[in-house]
Amino acid sequence: MSRLGPRFAELKAQNRAAFIAFITAGDPNAEITAALLQRLPEAGADVIELGISFSDPMADGPAIQASSLRALEAGMTLPKVLELVREFRKTNKKTPIVLMGYYNPIHKYGTAKFAKDAGEAGVDGLITVDLPPEEDDVLRLPANAHGIDIVRLATPTSDDRRLKTILEGAGGFLYYVSITGVTGTKSFAEGDVRTAIARLQAATPLPCAVGFGIKTPEQAKAIAGFADAAVVGSAIVERIAAGAGVDAVISYCSELAAAVHGARV
Amino acid sequence: MTTPNSFRTGPDINGHFGAYGGRFVAETLMPLVLELEQAYEAAKADPAFHEELDGLLKHYVGRESPLYFAERLTEHVGGAKIYLKREDLNHTGAHKINNCLGQILLARRMGKTRIIAETGAGQHGVATATVAARFGFPCIVYMGEVDIERQKPNVFRMRLLGAEVRPVKSGSRTLKDAMNEAIRDWVANVDDTFYIIGSAAGMHPYPMMVRDFQAVIGNETRSQILDREGRLPDLISACVGGGSNAIGMFHAFLDDNDVEIHGVEAAGKGIETPHHAATLTKGVPGVLHGSRSYLLQDNDGQIIEAHSISAGLDYPGVGPEHSWLRDTGRVKYFSATDDQAIDAFMTLSKLEGIIPALESSHAIAHVMRVAKVMPKDKIIVVCLSGRGDKDANTVAAVLGEKL
């Protein structure tokens, strides 16, 4: 059973937005990812998004492209990503983990087998960037059967008709891509995102998260004032790229978490 | 697999050719891809669209392109008659312009104001830059750094035509990375930008649309050979990278059961080595650049870099319709190595006074092989998809000469 529903219900009861931290599995190596995973919950990450590397990350900007490449060079593979989740679950039963990646590695692994193995490893949600609702039955049905939510993306280009398609079969939370662009590049206009989130919240009972353009604690705080979750990825990954140790990355995540959690006080 | 009644009805409404094709794109692009499909269907049904396109193909490109009997090549090989479909004689020197004209007319119809494209050999980049100049659009062409180095004359041509060539430094710095970067640009500029894809690959409706615009190659060939020989050929052949000239050549013949069809991939340094681009021969199905198709990939689903001496075939994927045609057995796919392509390049140059593109040289190499063992009354047509002037530097380097 996915931990996403209970986690968001808990946060809602506390009138708090969720802080979702993204890191790429295996960047710069499996040991550091394991250490980060272990400590992200205490740093205030309510949900962890773990990136699956792909050689051709078409929806990602330079920071996550480079991160993906570092992980691949360090020998990360999809079975090893699941191994990291399994290890994490030995000590943490509560923090939801969402895997984010592209379809081909999953396709190669075997979609049904992956859903089963991921469910058993303790994965709660899946975001498959290049697998739109029209094509995702093949993953969604087995994933749901193994207690995994399929997290769908909505974007500034999603009109009402498209939104209906996106929401059909969506689970966990709805991920709003705040910019038209790849990860970690443009910045969003707060007013536009606020309007978009109000529209999404009216259309679905799912919590609505915002990601793709949040770079600072201030921006995270602003988003957390009205959205149900703020996702930070590239800004964390850039610190890992710059050689920041586990302590420094965790302390930066604590800052982001504090900003998100303090937004509605 | 059961044999369909017709091989010419695909794709279905979701862009599938059997198990292949589809629209595997980020959500930001989905509404655009759906809008493009609608706009294309509307254009296809509009006689004015075809009239304008046909006029341009005739007066700007110089169609129809000749079907040329390669007499001396035929004598040299000593078997079946070899005809060349001369796409190299098109304006810009390759088949790519057929598709670019169709797509830019569509871009204008859709009110788009900015053109982007990816290119490998530079032929599609040149063709895109050409039509962008002709219709007054700003144009950005993404090209891998490795390809920029080996196709310098085409880079210069694109700049002369007013396009900006953006070097792509990510990944293997070849065609697949240029395509990644073009997709990233499109995601970031959804309102005003039209992405002209040059291969019969990518997300639906591109594989269908590119095929339709390139189908003129096979349609002309079919009526030309009927005129010349009073019958259909026994074999048609074309090189396959992404597969646009091949699908354009093949489509008109798919339901002619007596016409054998051979696609020819790049075997690079040999398909028994890791250095090739023989996707249909050595790859397995996967998802890249918006569609499900055969791919060169490792056990973890990471894309493997392709290798070919010809930049236009140096792609680890292939158009989805080719994957389907392979599985159904309607088209058979072979490969030719770098060395065999160079040999064919030299042979055609010396025997016919025609310098073929290295891409097309792969198909020539294959046809020379099979023609030899076919009786003299058999007829082969091979698509000469482009001219080889752009490859002078590459071939000179192989021959140990410095230009």
# chains A, B, ... in the order shown; residues from 1 in each chain; ligands from 1

$ interface_residues --of "chain B" --to "chain A" --cutoff "9 Å" --atoms "only C-alpha atoms" --output "ChimeraX atom specification"
/B:14,22-32,170-171,176-177,179-181,183-190,284-290,297-304

$ select_by_dssp --residues "region 58-110 of chain A" --states "alpha helix (DSSP H)" --output "PyMOL selection string"
chain A and resi 62-73+78-91+103-109

$ write_last_selection --atoms "N, CA and C atoms" --output "mmCIF file, in the first residue's frame"
data_model
loop_
_atom_site.group_PDB
_atom_site.id
_atom_site.type_symbol
_atom_site.label_atom_id
_atom_site.label_comp_id
_atom_site.auth_asym_id
_atom_site.auth_seq_id
_atom_site.Cartn_x
_atom_site.Cartn_y
_atom_site.Cartn_z
ATOM 1 N N PRO A 62 20.620 20.872 -17.785
ATOM 2 C CA PRO A 62 22.018 20.475 -17.614
ATOM 3 C C PRO A 62 22.334 19.839 -16.251
ATOM 4 N N ALA A 63 21.763 20.340 -15.162
ATOM 5 C CA ALA A 63 22.128 19.834 -13.832
ATOM 6 C C ALA A 63 21.758 18.360 -13.692
ATOM 7 N N ILE A 64 20.528 18.013 -14.048
ATOM 8 C CA ILE A 64 20.105 16.622 -13.868
ATOM 9 C C ILE A 64 20.665 15.722 -14.973
ATOM 10 N N GLN A 65 20.904 16.281 -16.157
ATOM 11 C CA GLN A 65 21.612 15.500 -17.192
ATOM 12 C C GLN A 65 22.968 15.051 -16.678
ATOM 13 N N ALA A 66 23.698 16.002 -16.092
ATOM 14 C CA ALA A 66 25.053 15.700 -15.613
ATOM 15 C C ALA A 66 24.990 14.713 -14.458
ATOM 16 N N SER A 67 23.979 14.884 -13.624
ATOM 17 C CA SER A 67 23.815 14.009 -12.475
ATOM 18 C C SER A 67 23.535 12.571 -12.918
ATOM 19 N N SER A 68 22.701 12.450 -13.937
ATOM 20 C CA SER A 68 22.349 11.159 -14.514
ATOM 21 C C SER A 68 23.606 10.470 -15.059
ATOM 22 N N LEU A 69 24.413 11.260 -15.722
ATOM 23 C CA LEU A 69 25.650 10.747 -16.311
ATOM 24 C C LEU A 69 26.627 10.288 -15.228
ATOM 25 N N ARG A 70 26.736 11.081 -14.141
ATOM 26 C CA ARG A 70 27.639 10.691 -13.044
ATOM 27 C C ARG A 70 27.204 9.345 -12.464
ATOM 28 N N ALA A 71 25.899 9.200 -12.288
ATOM 29 C CA ALA A 71 25.385 7.959 -11.706
ATOM 30 C C ALA A 71 25.675 6.773 -12.630
ATOM 31 N N LEU A 72 25.464 6.963 -13.929
ATOM 32 C CA LEU A 72 25.718 5.873 -14.875
ATOM 33 C C LEU A 72 27.197 5.514 -14.890
ATOM 34 N N GLU A 73 28.035 6.545 -14.839
ATOM 35 C CA GLU A 73 29.476 6.287 -14.838
ATOM 36 C C GLU A 73 29.914 5.550 -13.581
ATOM 37 N N LEU A 78 19.097 0.065 -12.853
ATOM 38 C CA LEU A 78 17.765 0.019 -12.249
ATOM 39 C C LEU A 78 17.673 -1.011 -11.112
ATOM 40 N N PRO A 79 18.215 -2.223 -11.268
ATOM 41 C CA PRO A 79 18.195 -3.150 -10.123
ATOM 42 C C PRO A 79 18.896 -2.568 -8.892
ATOM 43 N N LYS A 80 19.961 -1.803 -9.114
ATOM 44 C CA LYS A 80 20.662 -1.198 -7.970
ATOM 45 C C LYS A 80 19.851 -0.076 -7.332
ATOM 46 N N VAL A 81 19.028 0.606 -8.131
ATOM 47 C CA VAL A 81 18.137 1.628 -7.563
ATOM 48 C C VAL A 81 17.167 0.946 -6.597
ATOM 49 N N LEU A 82 16.609 -0.179 -7.032
ATOM 50 C CA LEU A 82 15.673 -0.906 -6.165
ATOM 51 C C LEU A 82 16.381 -1.405 -4.904
ATOM 52 N N GLU A 83 17.644 -1.773 -5.062
ATOM 53 C CA GLU A 83 18.427 -2.224 -3.917
ATOM 54 C C GLU A 83 18.585 -1.090 -2.887
ATOM 55 N N LEU A 84 18.806 0.131 -3.384
ATOM 56 C CA LEU A 84 18.909 1.296 -2.488
ATOM 57 C C LEU A 84 17.604 1.497 -1.716
ATOM 58 N N VAL A 85 16.480 1.302 -2.408
ATOM 59 C CA VAL A 85 15.180 1.470 -1.743
ATOM 60 C C VAL A 85 15.001 0.385 -0.681
ATOM 61 N N ARG A 86 15.360 -0.838 -1.039
ATOM 62 C CA ARG A 86 15.247 -1.961 -0.099
ATOM 63 C C ARG A 86 16.057 -1.696 1.173
ATOM 64 N N GLU A 87 17.271 -1.204 0.999
ATOM 65 C CA GLU A 87 18.147 -0.885 2.142
ATOM 66 C C GLU A 87 17.514 0.193 3.011
ATOM 67 N N PHE A 88 16.996 1.235 2.345
ATOM 68 C CA PHE A 88 16.357 2.352 3.047
ATOM 69 C C PHE A 88 15.175 1.870 3.879
ATOM 70 N N ARG A 89 14.404 0.968 3.323
ATOM 71 C CA ARG A 89 13.197 0.477 3.996
ATOM 72 C C ARG A 89 13.505 -0.358 5.243
ATOM 73 N N LYS A 90 14.755 -0.824 5.356
ATOM 74 C CA LYS A 90 15.116 -1.584 6.551
ATOM 75 C C LYS A 90 15.014 -0.706 7.792
ATOM 76 N N THR A 91 15.268 0.585 7.618
ATOM 77 C CA THR A 91 15.231 1.474 8.787
ATOM 78 C C THR A 91 14.110 2.498 8.713
ATOM 79 N N TYR A 103 11.047 5.920 -19.500
ATOM 80 C CA TYR A 103 10.429 4.616 -19.650
ATOM 81 C C TYR A 103 11.387 3.514 -20.080
ATOM 82 N N ASN A 104 12.378 3.820 -20.902
ATOM 83 C CA ASN A 104 13.140 2.724 -21.509
ATOM 84 C C ASN A 104 13.813 1.760 -20.521
ATOM 85 N N PRO A 105 14.468 2.270 -19.471
ATOM 86 C CA PRO A 105 15.058 1.305 -18.520
ATOM 87 C C PRO A 105 14.000 0.373 -17.903
ATOM 88 N N ILE A 106 12.808 0.887 -17.653
ATOM 89 C CA ILE A 106 11.722 0.070 -17.090
ATOM 90 C C ILE A 106 11.229 -0.939 -18.127
ATOM 91 N N HIS A 107 11.092 -0.453 -19.353
ATOM 92 C CA HIS A 107 10.675 -1.303 -20.473
ATOM 93 C C HIS A 107 11.655 -2.457 -20.636
ATOM 94 N N LYS A 108 12.934 -2.155 -20.537
ATOM 95 C CA LYS A 108 13.961 -3.183 -20.707
ATOM 96 C C LYS A 108 13.945 -4.179 -19.547
ATOM 97 N N TYR A 109 13.720 -3.655 -18.343
ATOM 98 C CA TYR A 109 13.668 -4.500 -17.139
ATOM 99 C C TYR A 109 12.499 -5.480 -17.246
#

$ atom_distance --atom1 "CA of Val141 (chain B)" --atom2 "CA of Gly243 (chain B)"
19.8 Å

$ residues_around --residues "Ala229 (chain A)" --least-positions-apart "3" --cutoff "7 Å" --atoms "only C-alpha atoms" --output "PyMOL selection string"
chain A and resi 17-20+208-210+224

$ atom_distance --atom1 "CA of Asp227 (chain B)" --atom2 "CA of Leu57 (chain B)"
21.1 Å

$ residues_around --residues "Phe173 (chain A)" --least-positions-apart "3" --cutoff "12 Å" --atoms "only C-alpha atoms" --output "count of residues only"
43

$ residues_around --residues "Asp327 (chain B)" --least-positions-apart "4" --cutoff "10 Å" --atoms "only C-alpha atoms" --output "list in words"
Met1, Gly18, Ala19, Leu280, Glu321, His322, Ser323, Val331 and Lys332 of chain B

$ residues_around --residues "Val260 (chain A)" --least-positions-apart "2" --cutoff "6 Å" --atoms "only C-alpha atoms" --output "PDB file with C-alpha atoms, in the first residue's frame"
ATOM      1  CA  ALA A 220       9.914  26.992  -1.824  1.00  0.00           C
ATOM      2  CA  LYS A 221       8.254  28.949   0.955  1.00  0.00           C
ATOM      3  CA  ALA A 224       4.205  26.064   0.042  1.00  0.00           C
ATOM      4  CA  ALA A 257      12.268  21.954   4.621  1.00  0.00           C
ATOM      5  CA  ALA A 258      12.112  24.689   7.252  1.00  0.00           C
ATOM      6  CA  GLY A 262       7.074  27.505   8.015  1.00  0.00           C
ATOM      7  CA  ALA A 263       5.139  28.830   5.035  1.00  0.00           C
TER       8      ALA A 263
END

$ closest_residue --among "B:Lys376, B:Arg369, B:His204, B:Lys81" --to "Tyr40 (chain B)" --atoms "only C-alpha atoms"
B:His204

$ closest_residue --among "A:Ala248, A:Ile32, A:Ala13, A:Ala259" --to "Val232 (chain A)" --atoms "only C-alpha atoms"
A:Ala259

$ residues_around --residues "His146 (chain A)" --least-positions-apart "2" --cutoff "6 Å" --atoms "only C-alpha atoms" --output "list in words"
Lys116, Gly119, Ala143, Asn144 and Ile148 of chain A

$ closest_residue --among "B:Leu254, B:Ile379, B:Ile342, B:Leu351" --to "Pro4 (chain B)" --atoms "only C-alpha atoms"
B:Leu254

$ closest_residue --among "B:Ala336, B:Ala278, B:Ala396, B:Ala121" --to "Asn154 (chain B)" --atoms "only C-alpha atoms"
B:Ala121

$ atom_distance --atom1 "CA of Met100 (chain A)" --atom2 "CA of Gly51 (chain A)"
4.8 Å

$ closest_residue --among "A:Phe212, A:Val249, A:Asn15, A:Leu163" --to "Arg199 (chain A)" --atoms "only C-alpha atoms"
A:Leu163

$ closest_residue --among "B:Phe7, B:Tyr195, B:Tyr83, B:Phe137" --to "Leu67 (chain B)" --atoms "only C-alpha atoms"
B:Tyr83

$ decode --residues "region 143-173 of chain A" --atoms "N, CA and C atoms" --output "PDB file, in the first residue's frame"
ATOM      1  N   ALA A 143       1.502  -1.710 -11.581  1.00  0.00           N
ATOM      2  CA  ALA A 143       2.011  -0.891 -10.463  1.00  0.00           C
ATOM      3  C   ALA A 143       0.928  -0.745  -9.396  1.00  0.00           C
ATOM      4  N   ASN A 144      -0.267  -0.374  -9.830  1.00  0.00           N
ATOM      5  CA  ASN A 144      -1.374  -0.233  -8.879  1.00  0.00           C
ATOM      6  C   ASN A 144      -1.627  -1.546  -8.141  1.00  0.00           C
ATOM      7  N   ALA A 145      -1.513  -2.648  -8.870  1.00  0.00           N
ATOM      8  CA  ALA A 145      -1.747  -3.951  -8.250  1.00  0.00           C
ATOM      9  C   ALA A 145      -0.711  -4.243  -7.164  1.00  0.00           C
ATOM     10  N   HIS A 146       0.451  -3.608  -7.253  1.00  0.00           N
ATOM     11  CA  HIS A 146       1.484  -3.800  -6.239  1.00  0.00           C
ATOM     12  C   HIS A 146       1.599  -2.611  -5.299  1.00  0.00           C
ATOM     13  N   GLY A 147       0.512  -1.851  -5.195  1.00  0.00           N
ATOM     14  CA  GLY A 147       0.459  -0.767  -4.205  1.00  0.00           C
ATOM     15  C   GLY A 147       1.272   0.460  -4.564  1.00  0.00           C
ATOM     16  N   ILE A 148       1.552   0.649  -5.839  1.00  0.00           N
ATOM     17  CA  ILE A 148       2.327   1.823  -6.259  1.00  0.00           C
ATOM     18  C   ILE A 148       1.414   2.790  -7.009  1.00  0.00           C
ATOM     19  N   ASP A 149       1.496   4.068  -6.620  1.00  0.00           N
ATOM     20  CA  ASP A 149       0.728   5.102  -7.308  1.00  0.00           C
ATOM     21  C   ASP A 149       1.463   5.556  -8.558  1.00  0.00           C
ATOM     22  N   ILE A 150       0.707   5.816  -9.626  1.00  0.00           N
ATOM     23  CA  ILE A 150       1.283   6.459 -10.805  1.00  0.00           C
ATOM     24  C   ILE A 150       1.039   7.945 -10.645  1.00  0.00           C
ATOM     25  N   VAL A 151       2.128   8.692 -10.481  1.00  0.00           N
ATOM     26  CA  VAL A 151       2.035  10.139 -10.303  1.00  0.00           C
ATOM     27  C   VAL A 151       2.085  10.779 -11.684  1.00  0.00           C
ATOM     28  N   ARG A 152       1.052  11.555 -11.984  1.00  0.00           N
ATOM     29  CA  ARG A 152       0.987  12.179 -13.307  1.00  0.00           C
ATOM     30  C   ARG A 152       1.442  13.627 -13.246  1.00  0.00           C
ATOM     31  N   LEU A 153       1.874  14.130 -14.382  1.00  0.00           N
ATOM     32  CA  LEU A 153       2.324  15.514 -14.481  1.00  0.00           C
ATOM     33  C   LEU A 153       1.259  16.352 -15.178  1.00  0.00           C
ATOM     34  N   ALA A 154       1.051  17.562 -14.662  1.00  0.00           N
ATOM     35  CA  ALA A 154       0.254  18.556 -15.379  1.00  0.00           C
ATOM     36  C   ALA A 154       1.195  19.717 -15.668  1.00  0.00           C
ATOM     37  N   THR A 155       0.934  20.439 -16.744  1.00  0.00           N
ATOM     38  CA  THR A 155       1.868  21.496 -17.158  1.00  0.00           C
ATOM     39  C   THR A 155       1.088  22.751 -17.550  1.00  0.00           C
ATOM     40  N   PRO A 156       1.800  23.841 -17.791  1.00  0.00           N
ATOM     41  CA  PRO A 156       1.086  25.049 -18.251  1.00  0.00           C
ATOM     42  C   PRO A 156       0.366  24.830 -19.577  1.00  0.00           C
ATOM     43  N   THR A 157       0.708  23.770 -20.301  1.00  0.00           N
ATOM     44  CA  THR A 157       0.038  23.525 -21.583  1.00  0.00           C
ATOM     45  C   THR A 157      -1.185  22.606 -21.451  1.00  0.00           C
ATOM     46  N   SER A 158      -1.478  22.154 -20.218  1.00  0.00           N
ATOM     47  CA  SER A 158      -2.615  21.233 -20.045  1.00  0.00           C
ATOM     48  C   SER A 158      -3.931  22.003 -19.995  1.00  0.00           C
ATOM     49  N   ASP A 159      -4.726  21.888 -21.047  1.00  0.00           N
ATOM     50  CA  ASP A 159      -6.046  22.537 -21.004  1.00  0.00           C
ATOM     51  C   ASP A 159      -7.036  21.619 -20.274  1.00  0.00           C
ATOM     52  N   ASP A 160      -8.287  22.046 -20.157  1.00  0.00           N
ATOM     53  CA  ASP A 160      -9.249  21.289 -19.349  1.00  0.00           C
ATOM     54  C   ASP A 160      -9.452  19.867 -19.860  1.00  0.00           C
ATOM     55  N   ARG A 161      -9.472  19.741 -21.178  1.00  0.00           N
ATOM     56  CA  ARG A 161      -9.696  18.420 -21.746  1.00  0.00           C
ATOM     57  C   ARG A 161      -8.513  17.498 -21.447  1.00  0.00           C
ATOM     58  N   ARG A 162      -7.325  18.067 -21.585  1.00  0.00           N
ATOM     59  CA  ARG A 162      -6.113  17.307 -21.319  1.00  0.00           C
ATOM     60  C   ARG A 162      -6.048  16.922 -19.839  1.00  0.00           C
ATOM     61  N   LEU A 163      -6.435  17.864 -18.982  1.00  0.00           N
ATOM     62  CA  LEU A 163      -6.381  17.629 -17.540  1.00  0.00           C
ATOM     63  C   LEU A 163      -7.247  16.431 -17.158  1.00  0.00           C
ATOM     64  N   LYS A 164      -8.370  16.305 -17.822  1.00  0.00           N
ATOM     65  CA  LYS A 164      -9.259  15.174 -17.560  1.00  0.00           C
ATOM     66  C   LYS A 164      -8.546  13.853 -17.860  1.00  0.00           C
ATOM     67  N   THR A 165      -7.868  13.822 -18.987  1.00  0.00           N
ATOM     68  CA  THR A 165      -7.094  12.624 -19.360  1.00  0.00           C
ATOM     69  C   THR A 165      -6.001  12.343 -18.331  1.00  0.00           C
ATOM     70  N   ILE A 166      -5.327  13.401 -17.904  1.00  0.00           N
ATOM     71  CA  ILE A 166      -4.215  13.250 -16.956  1.00  0.00           C
ATOM     72  C   ILE A 166      -4.726  12.689 -15.623  1.00  0.00           C
ATOM     73  N   LEU A 167      -5.883  13.179 -15.175  1.00  0.00           N
ATOM     74  CA  LEU A 167      -6.369  12.803 -13.843  1.00  0.00           C
ATOM     75  C   LEU A 167      -6.950  11.395 -13.794  1.00  0.00           C
ATOM     76  N   GLU A 168      -7.360  10.893 -14.945  1.00  0.00           N
ATOM     77  CA  GLU A 168      -7.919   9.551 -14.982  1.00  0.00           C
ATOM     78  C   GLU A 168      -6.812   8.525 -14.718  1.00  0.00           C
ATOM     79  N   GLY A 169      -6.861   7.884 -13.576  1.00  0.00           N
ATOM     80  CA  GLY A 169      -5.823   6.907 -13.254  1.00  0.00           C
ATOM     81  C   GLY A 169      -4.660   7.491 -12.465  1.00  0.00           C
ATOM     82  N   ALA A 170      -4.681   8.814 -12.230  1.00  0.00           N
ATOM     83  CA  ALA A 170      -3.594   9.446 -11.473  1.00  0.00           C
ATOM     84  C   ALA A 170      -3.695   9.047 -10.007  1.00  0.00           C
ATOM     85  N   GLY A 171      -2.536   8.908  -9.351  1.00  0.00           N
ATOM     86  CA  GLY A 171      -2.535   8.544  -7.941  1.00  0.00           C
ATOM     87  C   GLY A 171      -1.475   9.298  -7.180  1.00  0.00           C
ATOM     88  N   GLY A 172      -1.507   9.192  -5.853  1.00  0.00           N
ATOM     89  CA  GLY A 172      -0.479   9.780  -4.995  1.00  0.00           C
ATOM     90  C   GLY A 172      -0.615  11.279  -4.861  1.00  0.00           C
ATOM     91  N   PHE A 173      -0.127  11.994  -5.833  1.00  0.00           N
ATOM     92  CA  PHE A 173      -0.308  13.444  -5.905  1.00  0.00           C
ATOM     93  C   PHE A 173      -0.209  13.850  -7.363  1.00  0.00           C
TER      94      PHE A 173
END
